[in-house]
Structures are given as structure tokens and as C-alpha cells.
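*Asks:* Below is the structure I would like to discuss, written out as C-alpha cells.
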Amino acid sequence: MEENHKKFNRREILKGSAALTAAMVTGAAMPGNLSAKATRSDTGPVVKNKRIKQVLATWPFMNRAGFWTLDQLCQAAVDLGCEGIELAGPDAWPTMKKFDLVCGMSPNGMPGHPFIKGLNNPRYQQEVIETTRRRIEACAEAGVPNVIAFTGYKYLDVDNPEKGEISLDEGADNTVEGLKELARYAERHGVTVCLEHLNTRAPDPYLFGTPGYQGDDIDYCADIIRRVGSPRVKLLFDIYHVQIMNGDVIARIREYGTDLVGHIHTAGVPRRGELNESQELNYPAIMRALLEIGYEGYVGQEFVPRCDPMEGLRQAVSLCDV
């Protein structure tokens with residue numbers, strides 16, 4: 001895997017990251033645009049059991065050329081019976097409040113490519129900490145429970161990867177140090193910082209891999225959370241990324257428990273599509289495992305629709321409503 005990573009030069013890495021970040025920031029879905037039907041459901045809410053608290057990620061379902069506006073995504077969440085929206089910053093929170101929806105997870109406020117410049121690199125760590133602290137304050141004031149965090153890329157200088165890499169041990173030590181500083185602040189404000197594990201196997205940004213990301217082993221990230229030792233620093237356990245990089249999704253959920261798992265993302269494997277019969281994960285079983293460990297956090301639907309978005313969401317929300 002390491003050998004494959006080195007095939008990517010600086011231009012390829014940043015081009016791929018820019019494409020992915022543009023999609024996340026603007027809401028552009030990849031690949032291609034779909035002609036979405038109206039978001040309003042005529043058949044009633046999908047959520048019946050309400051034991052899994054589901055939210056909809058913004059970026060896969062919002063698009064300037066044919067997908068939904070924020071208001072439409074909020075309406076879709078209401079129609080489906082979901083709790084709210086996630087990966088939305090302060091500008092979106094007033095709109096969500098109009099729909100009586102929560103924000104399950106906030107971005108950390110870092111500009112550009114937030115998963116590239118992370119806590120693992122002393123070159124960028126202080127900027128990440130200061131930016132995340134400001135977002136924690138905003139989250140506390142607005143009642144947003146979680147803010148995202150990243151290890152960052154392994155390169156000493158992300159603009160010049162050829163200058164060398166941060167070792168895994170050093171990256172872990174630096175991330176622990178940064179998260180401990182954020183933990184003290186998060187504990188005072190009642191906000192949880194969630195460290196996301198990302199996959200590096202999929203080099204194509206349209207398949208949402210991030211070659212160069214240091215936290216690509218979920219056990220590596222889990223060990224970082226254990227070392228921080230704060231109830232306000234946990235894992236963002238993205239099922240899609242975990243399955244691609246490590247597998248044993250249910251076993252790891254049971255192993256980590258609620259001491260480590262703070263937030264969940266879903267998507268079909270492979271290709272990050274709908275949670276349907278064409279992908280390999282058994283989502284009802286995974287959701288039951290979350291209930292077994294007493295998980296009470298949010299499950300964010302973060303798949304990229306390849307059919308009508310509302311149809312895909314209805315199926316995904318239904319599968320997770322165990």
C-alpha cells in the first residue's frame with residue numbers, strides 16, 4: 001500500500017483532494033448530476049422505531065445544478081423522520097432550526113482541504129487547534145454536539161510531499177497532544193471532538209479515498225483516542241472507510257464500545273453508493289450492534305446517490321431504523 005501511495009505526485013494528490021473538497025463544500029455529487037425528484041414524501045415518514053438517531057450529510061445531496069438546496073434537504077429530513085442534518089457550518093444552522101432539526105456534526109472550520117492539514121503535523125497543528133476551538137465555541141452556543149477532527153496527511157509539507165513524511169509514531173504522538181489540548185476546551189463547553197478515519201485504498205477522488213492521509217487504520221485512530229482519555233474526544237467511525245481499510249465492522253463496534261465511538265457515517269461498499277443489495281454490508285446488523293453497545297449518538301447518511309436521492313434515502317433510512 002505504501003508503494004502505491006508514492007505513485008502520486010504533488011499535483012495528483014492536490015488535484016484529487018481539491019475535487020473531493022469542492023464536492024463537500026459546494027454539495028456537488030460525484031460522478032455526474034442526477035435529476036432529483038421533489039424531496040417531499042407522499043408515503044409518510046420512514047423512521048418508525050427511532051432507536052437509531054439518523055441525520056443526513058449535506059454534501060452528497062446538495063448540488064448547484066439539479067440537486068437540493070439546504071431547505072430542500074431539511075424538508076427531506078423532516079419527511080423521512082430524521083433528526084437533522086450534519087457537516088453543516090454556522091451559516092446553515094438558522095435554516096435547520098426553522099425545520100426543528102439538529103446539526104449532528106459540524107465541520108472544524110478549517111479552510112480549503114480540512115482533512116489534509118491536521119493535528120499530526122506541527123507545521124499546521126496550532127492553526128487547526130485555534131480554528132477548531134472557535135468552532136467549538138460556536139457549537140456550544142448553538143447546541144451542536146460534535147465537531148470533526150482529522151489526523152491530516154503524512155507529509156511534512158503537504159504542498160511538497162517530496163520533502164519527506166511524518167512517521168506513524170510521531171504522527172500519533174502529535175495528534176494525541178493536539179486532541180488533549182482540544183479536549184480541555186471541549187470538556188468546558190460540552191462539545192465532543194470526533195476524529196475521523198479515512199481510507200487510502202481508493203486513489204480516485206470520485207471513490208472518496210484520500211491517499212496520503214495518516215489516519216487510515218481504524219485501530220491506529222482508536223489507540224489515539226484511548227491515549228487522549230477524554231469523554232469529549234471520540235472516533236468518527238465511518239463504516240464505509242472502516243470496511244475498505246480494515247473490515248470486521250461489527251467486531252470493532254463491539255470492541256470499541258461507546259467509550260470510543262462518538263459518531264457514525266454510512267455508505268455502500270464499494271463505490272460509496274446507496275445502502276442497497278448491490279453492496280456488501282449488512283446495515284441492519286450493524287445498527288443492531290450499535291444498539292447492543294448502548295450507542296446513543298447520531299448515524300449520518302453519507303452515501304453518494306446514483307439513483308433518485310429520495311428513493312435512496314428512503315431505503316437507507318429504513319434499513320438503519322432497526
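Note on naming: chains are A, B, ... as they come in the C-alpha cells, residues start from 1 per chain, ligands start from 1 in the order shown.
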Extract, using only C-alpha atoms, all DNA, RNA and protein residues at most 10 Å from stretch 138-149 of chain A, discarding same-chain residues fewer than 3 positions from it, and format them as a VMD selection string.

*Replies:* chain A and resid 86 to 87 89 to 90 93 to 94 97 102 to 110 114 to 115 118 to 119 128 to 129 132 to 135 152 175 179 182 186 188 to 197 232 to 236 262 to 263 297 to 298

*Asks:* List as a PDB file with C-alpha atoms, in the first residue's frame the protein and nucleic acid residues near A:Asn246, meaning an atom at most 10 Å away when only C-alpha atoms are counted, but skip any in the same chain fewer than 4 places from it.

*Replies:*
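Printed below is part.pdb as written:
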ATOM      1  CA  ASN A 199      -9.430   5.228   3.551  1.00  0.00           C
ATOM      2  CA  ASP A 216      -6.129   5.324   7.544  1.00  0.00           C
ATOM      3  CA  ASP A 217      -6.060   2.464  10.089  1.00  0.00           C
ATOM      4  CA  ILE A 218      -9.055   2.486  12.413  1.00  0.00           C
ATOM      5  CA  ASP A 219      -7.117   0.717  15.176  1.00  0.00           C
ATOM      6  CA  HIS A 241     -13.893   3.705   5.286  1.00  0.00           C
ATOM      7  CA  VAL A 242     -13.561   1.051   8.001  1.00  0.00           C
ATOM      8  CA  ARG A 252     -14.786  -3.382  16.077  1.00  0.00           C
TER       9      ARG A 252
END

*Asks:* Please measure the separation of atom CA of A:Pro45 and atom CA of A:Leu281, giving the value in Å to one decimal.

*Replies:*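 These two atoms are separated by 24.0 Å.
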
*Asks:* Between atom CA of A:Val78 and atom CA of A:Arg288, what distance in Å does the model show, to one decimal?

*Replies:*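 Calculated distance between atom CA of A:Val78 and atom CA of A:Arg288 is 23.5 Å.
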
*Asks:* Fewer than 2 positions away in the same chain doesn't count, so skip those; otherwise give me all residues within 8 Å of A:Ala316, counting only C-alpha atoms, as a list in words.

*Replies:*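 In the requested format, the answer is Glu274, Leu275, Asn276, Gln301, Gly312, Leu313, Arg314, Ser318, Leu319 and Cys320 of chain A.
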
*Asks:* Within 9 Å of A:Ile52, counting only C-alpha atoms, which residues qualify if same-chain residues fewer than 5 places away don't, as a list in words?

*Replies:*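 My list of contacting residues is Val47, Met287, Leu290, Leu291, Tyr295, Glu296, Gly297, Tyr298, Val299, Cys320, Asp321 and Val322 of chain A.
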
*Asks:* If you run DSSP over the backbone, which residues in stretch 19-253 of chain A end up strand (DSSP E)? Put them as an NGL selection string.

*Replies:* :A and (53-57 or 84-86 or 102-103 or 146-150 or 192-196 or 233-238)

*Asks:* Take the residues from that selection and put them in a file with N, CA and C atoms, as a CSV table (one decimal), in the first residue's frame.

*Replies:*
chain,number,residue,atom,x,y,z
A,53,LYS,N,-30.7,7.3,15.9
A,53,LYS,CA,-30.9,8.7,15.5
A,53,LYS,C,-30.2,9.1,14.2
A,54,GLN,N,-31.0,9.3,13.2
A,54,GLN,CA,-30.4,9.5,11.8
A,54,GLN,C,-30.4,10.9,11.4
A,55,VAL,N,-29.3,11.3,10.8
A,55,VAL,CA,-29.1,12.6,10.2
A,55,VAL,C,-28.6,12.5,8.7
A,56,LEU,N,-28.8,13.5,7.9
A,56,LEU,CA,-28.4,13.5,6.5
A,56,LEU,C,-27.2,14.4,6.3
A,57,ALA,N,-26.1,13.9,5.7
A,57,ALA,CA,-25.0,14.7,5.4
A,57,ALA,C,-25.3,15.7,4.3
A,84,GLY,N,-32.0,15.3,11.9
A,84,GLY,CA,-31.4,16.5,11.4
A,84,GLY,C,-30.5,16.4,10.3
A,85,ILE,N,-29.5,17.3,10.2
A,85,ILE,CA,-28.5,17.4,9.1
A,85,ILE,C,-27.2,17.4,9.7
A,86,GLU,N,-26.1,17.1,9.0
A,86,GLU,CA,-24.8,17.2,9.5
A,86,GLU,C,-23.8,17.7,8.5
A,102,VAL,N,-31.7,19.2,14.2
A,102,VAL,CA,-30.4,19.3,14.9
A,102,VAL,C,-29.3,19.3,13.8
A,103,CYS,N,-28.1,19.8,14.2
A,103,CYS,CA,-26.9,19.6,13.4
A,103,CYS,C,-26.1,18.5,14.1
A,146,ASN,N,-21.3,17.9,18.2
A,146,ASN,CA,-20.0,17.3,17.8
A,146,ASN,C,-19.3,18.2,16.7
A,147,VAL,N,-18.0,18.2,16.7
A,147,VAL,CA,-17.2,18.8,15.7
A,147,VAL,C,-16.1,17.8,15.2
A,148,ILE,N,-15.8,17.9,13.9
A,148,ILE,CA,-15.0,16.9,13.3
A,148,ILE,C,-13.5,17.2,13.5
A,149,ALA,N,-12.6,16.2,13.5
A,149,ALA,CA,-11.2,16.4,13.5
A,149,ALA,C,-10.5,15.4,12.6
A,150,PHE,N,-9.3,15.7,12.2
A,150,PHE,CA,-8.5,14.8,11.3
A,150,PHE,C,-7.1,14.7,11.8
A,192,THR,N,-18.2,17.4,21.8
A,192,THR,CA,-17.3,16.3,21.5
A,192,THR,C,-16.6,16.4,20.2
A,193,VAL,N,-15.3,16.3,20.3
A,193,VAL,CA,-14.4,16.3,19.1
A,193,VAL,C,-14.3,14.9,18.6
A,194,CYS,N,-14.7,14.6,17.3
A,194,CYS,CA,-14.7,13.3,16.7
A,194,CYS,C,-13.6,13.2,15.6
A,195,LEU,N,-12.6,12.3,15.9
A,195,LEU,CA,-11.5,12.1,14.9
A,195,LEU,C,-12.0,11.1,13.9
A,196,GLU,N,-11.9,11.5,12.6
A,196,GLU,CA,-12.3,10.7,11.5
A,196,GLU,C,-11.2,9.9,10.9
A,233,VAL,N,-13.5,13.4,23.5
A,233,VAL,CA,-12.8,13.1,22.3
A,233,VAL,C,-13.0,11.6,21.9
A,234,LYS,N,-13.7,11.4,20.7
A,234,LYS,CA,-14.1,10.1,20.3
A,234,LYS,C,-13.8,9.9,18.8
A,235,LEU,N,-14.1,8.7,18.4
A,235,LEU,CA,-14.0,8.3,17.0
A,235,LEU,C,-15.2,8.7,16.1
A,236,LEU,N,-14.9,9.3,15.0
A,236,LEU,CA,-16.0,9.3,13.9
A,236,LEU,C,-15.8,8.0,13.2
A,237,PHE,N,-16.6,7.0,13.4
A,237,PHE,CA,-16.5,5.7,12.9
A,237,PHE,C,-17.3,5.6,11.6
A,238,ASP,N,-16.6,5.9,10.5
A,238,ASP,CA,-17.2,5.9,9.1
A,238,ASP,C,-17.2,4.4,8.6

*Asks:* According to DSSP computed on the backbone, where in stretch 35-191 of chain A is there helix (DSSP H, G or I)? Give the residues as a PyMOL selection string.

*Replies:* chain A and resi 70-80+93-98+122-142+161-163+168-189

*Asks:* Wanna dump the stretch 79-135 of chain A-stretch 70-75 of chain A contacts at 10 Å for me, each residue with its shortest atom pair and the distance in Å to one decimal, counting only C-alpha atoms, ordered by chain and number, as JSON lines?

*Replies:*
{"residue": "A:Asp79", "atom": "CA", "partner": "A:Gln75", "partner_atom": "CA", "distance": 6.1}
{"residue": "A:Leu80", "atom": "CA", "partner": "A:Gln75", "partner_atom": "CA", "distance": 8.5}
{"residue": "A:Gly81", "atom": "CA", "partner": "A:Gln75", "partner_atom": "CA", "distance": 9.8}
{"residue": "A:Cys82", "atom": "CA", "partner": "A:Cys74", "partner_atom": "CA", "distance": 9.4}
{"residue": "A:Glu83", "atom": "CA", "partner": "A:Cys74", "partner_atom": "CA", "distance": 9.9}
{"residue": "A:Gly84", "atom": "CA", "partner": "A:Cys74", "partner_atom": "CA", "distance": 7.3}
{"residue": "A:Ile85", "atom": "CA", "partner": "A:Cys74", "partner_atom": "CA", "distance": 7.0}
{"residue": "A:Ala88", "atom": "CA", "partner": "A:Leu70", "partner_atom": "CA", "distance": 9.6}
{"residue": "A:Ala92", "atom": "CA", "partner": "A:Leu70", "partner_atom": "CA", "distance": 7.6}
{"residue": "A:Thr95", "atom": "CA", "partner": "A:Asp71", "partner_atom": "CA", "distance": 6.9}
{"residue": "A:Met96", "atom": "CA", "partner": "A:Cys74", "partner_atom": "CA", "distance": 6.5}
{"residue": "A:Lys97", "atom": "CA", "partner": "A:Cys74", "partner_atom": "CA", "distance": 9.6}
{"residue": "A:Lys98", "atom": "CA", "partner": "A:Cys74", "partner_atom": "CA", "distance": 9.2}
{"residue": "A:Phe99", "atom": "CA", "partner": "A:Cys74", "partner_atom": "CA", "distance": 6.6}
{"residue": "A:Asp100", "atom": "CA", "partner": "A:Cys74", "partner_atom": "CA", "distance": 9.2}
{"residue": "A:Leu101", "atom": "CA", "partner": "A:Cys74", "partner_atom": "CA", "distance": 7.6}

*Asks:* Would you output that residue set with N, CA and C atoms, as a JSON list (two decimals), in the first residue's frame?

*Replies:*
[["chain", "number", "residue", "atom", "x", "y", "z"],
["A", 79, "ASP", "N", -39.45, 14.90, 6.17],
["A", 79, "ASP", "CA", -40.35, 13.93, 5.56],
["A", 79, "ASP", "C", -39.96, 12.49, 5.87],
["A", 80, "LEU", "N", -38.67, 12.25, 5.99],
["A", 80, "LEU", "CA", -38.19, 10.90, 6.29],
["A", 80, "LEU", "C", -38.32, 10.56, 7.77],
["A", 81, "GLY", "N", -38.44, 11.57, 8.60],
["A", 81, "GLY", "CA", -38.50, 11.36, 10.04],
["A", 81, "GLY", "C", -37.14, 11.37, 10.70],
["A", 82, "CYS", "N", -36.14, 11.96, 10.02],
["A", 82, "CYS", "CA", -34.78, 12.01, 10.57],
["A", 82, "CYS", "C", -34.65, 13.14, 11.59],
["A", 83, "GLU", "N", -33.59, 13.06, 12.38],
["A", 83, "GLU", "CA", -33.38, 14.03, 13.46],
["A", 83, "GLU", "C", -32.80, 15.34, 12.97],
["A", 84, "GLY", "N", -32.02, 15.28, 11.86],
["A", 84, "GLY", "CA", -31.39, 16.52, 11.44],
["A", 84, "GLY", "C", -30.47, 16.36, 10.25],
["A", 85, "ILE", "N", -29.52, 17.30, 10.16],
["A", 85, "ILE", "CA", -28.54, 17.42, 9.08],
["A", 85, "ILE", "C", -27.17, 17.41, 9.74],
["A", 88, "ALA", "N", -22.61, 20.62, 8.47],
["A", 88, "ALA", "CA", -23.08, 21.95, 8.10],
["A", 88, "ALA", "C", -22.54, 22.95, 9.13],
["A", 92, "ALA", "N", -25.56, 27.53, 8.14],
["A", 92, "ALA", "CA", -26.71, 26.66, 7.87],
["A", 92, "ALA", "C", -27.60, 26.45, 9.08],
["A", 95, "THR", "N", -31.27, 27.96, 9.28],
["A", 95, "THR", "CA", -32.22, 27.28, 8.39],
["A", 95, "THR", "C", -32.66, 25.96, 9.01],
["A", 96, "MET", "N", -31.73, 25.21, 9.55],
["A", 96, "MET", "CA", -32.07, 23.94, 10.18],
["A", 96, "MET", "C", -33.00, 24.15, 11.37],
["A", 97, "LYS", "N", -32.77, 25.21, 12.10],
["A", 97, "LYS", "CA", -33.61, 25.50, 13.26],
["A", 97, "LYS", "C", -35.05, 25.76, 12.83],
["A", 98, "LYS", "N", -35.25, 26.38, 11.67],
["A", 98, "LYS", "CA", -36.61, 26.63, 11.17],
["A", 98, "LYS", "C", -37.37, 25.33, 10.97],
["A", 99, "PHE", "N", -36.64, 24.27, 10.63],
["A", 99, "PHE", "CA", -37.25, 22.96, 10.40],
["A", 99, "PHE", "C", -37.24, 22.09, 11.66],
["A", 100, "ASP", "N", -36.79, 22.67, 12.78],
["A", 100, "ASP", "CA", -36.70, 21.95, 14.05],
["A", 100, "ASP", "C", -35.77, 20.74, 13.93],
["A", 101, "LEU", "N", -34.63, 20.93, 13.27],
["A", 101, "LEU", "CA", -33.66, 19.88, 13.06],
["A", 101, "LEU", "C", -32.37, 20.19, 13.81]]

*Asks:* Which of these, A:Ile136, A:Met62, A:Val304, A:Ile225, has the shortest distance to A:Phe208 once you count only C-alpha atoms?

*Replies:*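 Of A:Ile136, A:Met62, A:Val304, A:Ile225, the one nearest A:Phe208 is A:Val304, counting only C-alpha atoms.
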
*Asks:* Using Å and a single decimal, report how far atom CA of A:Gly212 sits from atom CA of A:Arg226.

*Replies:*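 It comes out at 23.4 Å.
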
*Asks:* List as a PyMOL selection string the protein and nucleic acid residues near A:Leu156, meaning an atom at most 12 Å away when only C-alpha atoms are counted, but skip any in the same chain fewer than 4 places from it.

*Replies:* chain A and resi 116-118+120-125+152+160-167+170-171+212+214
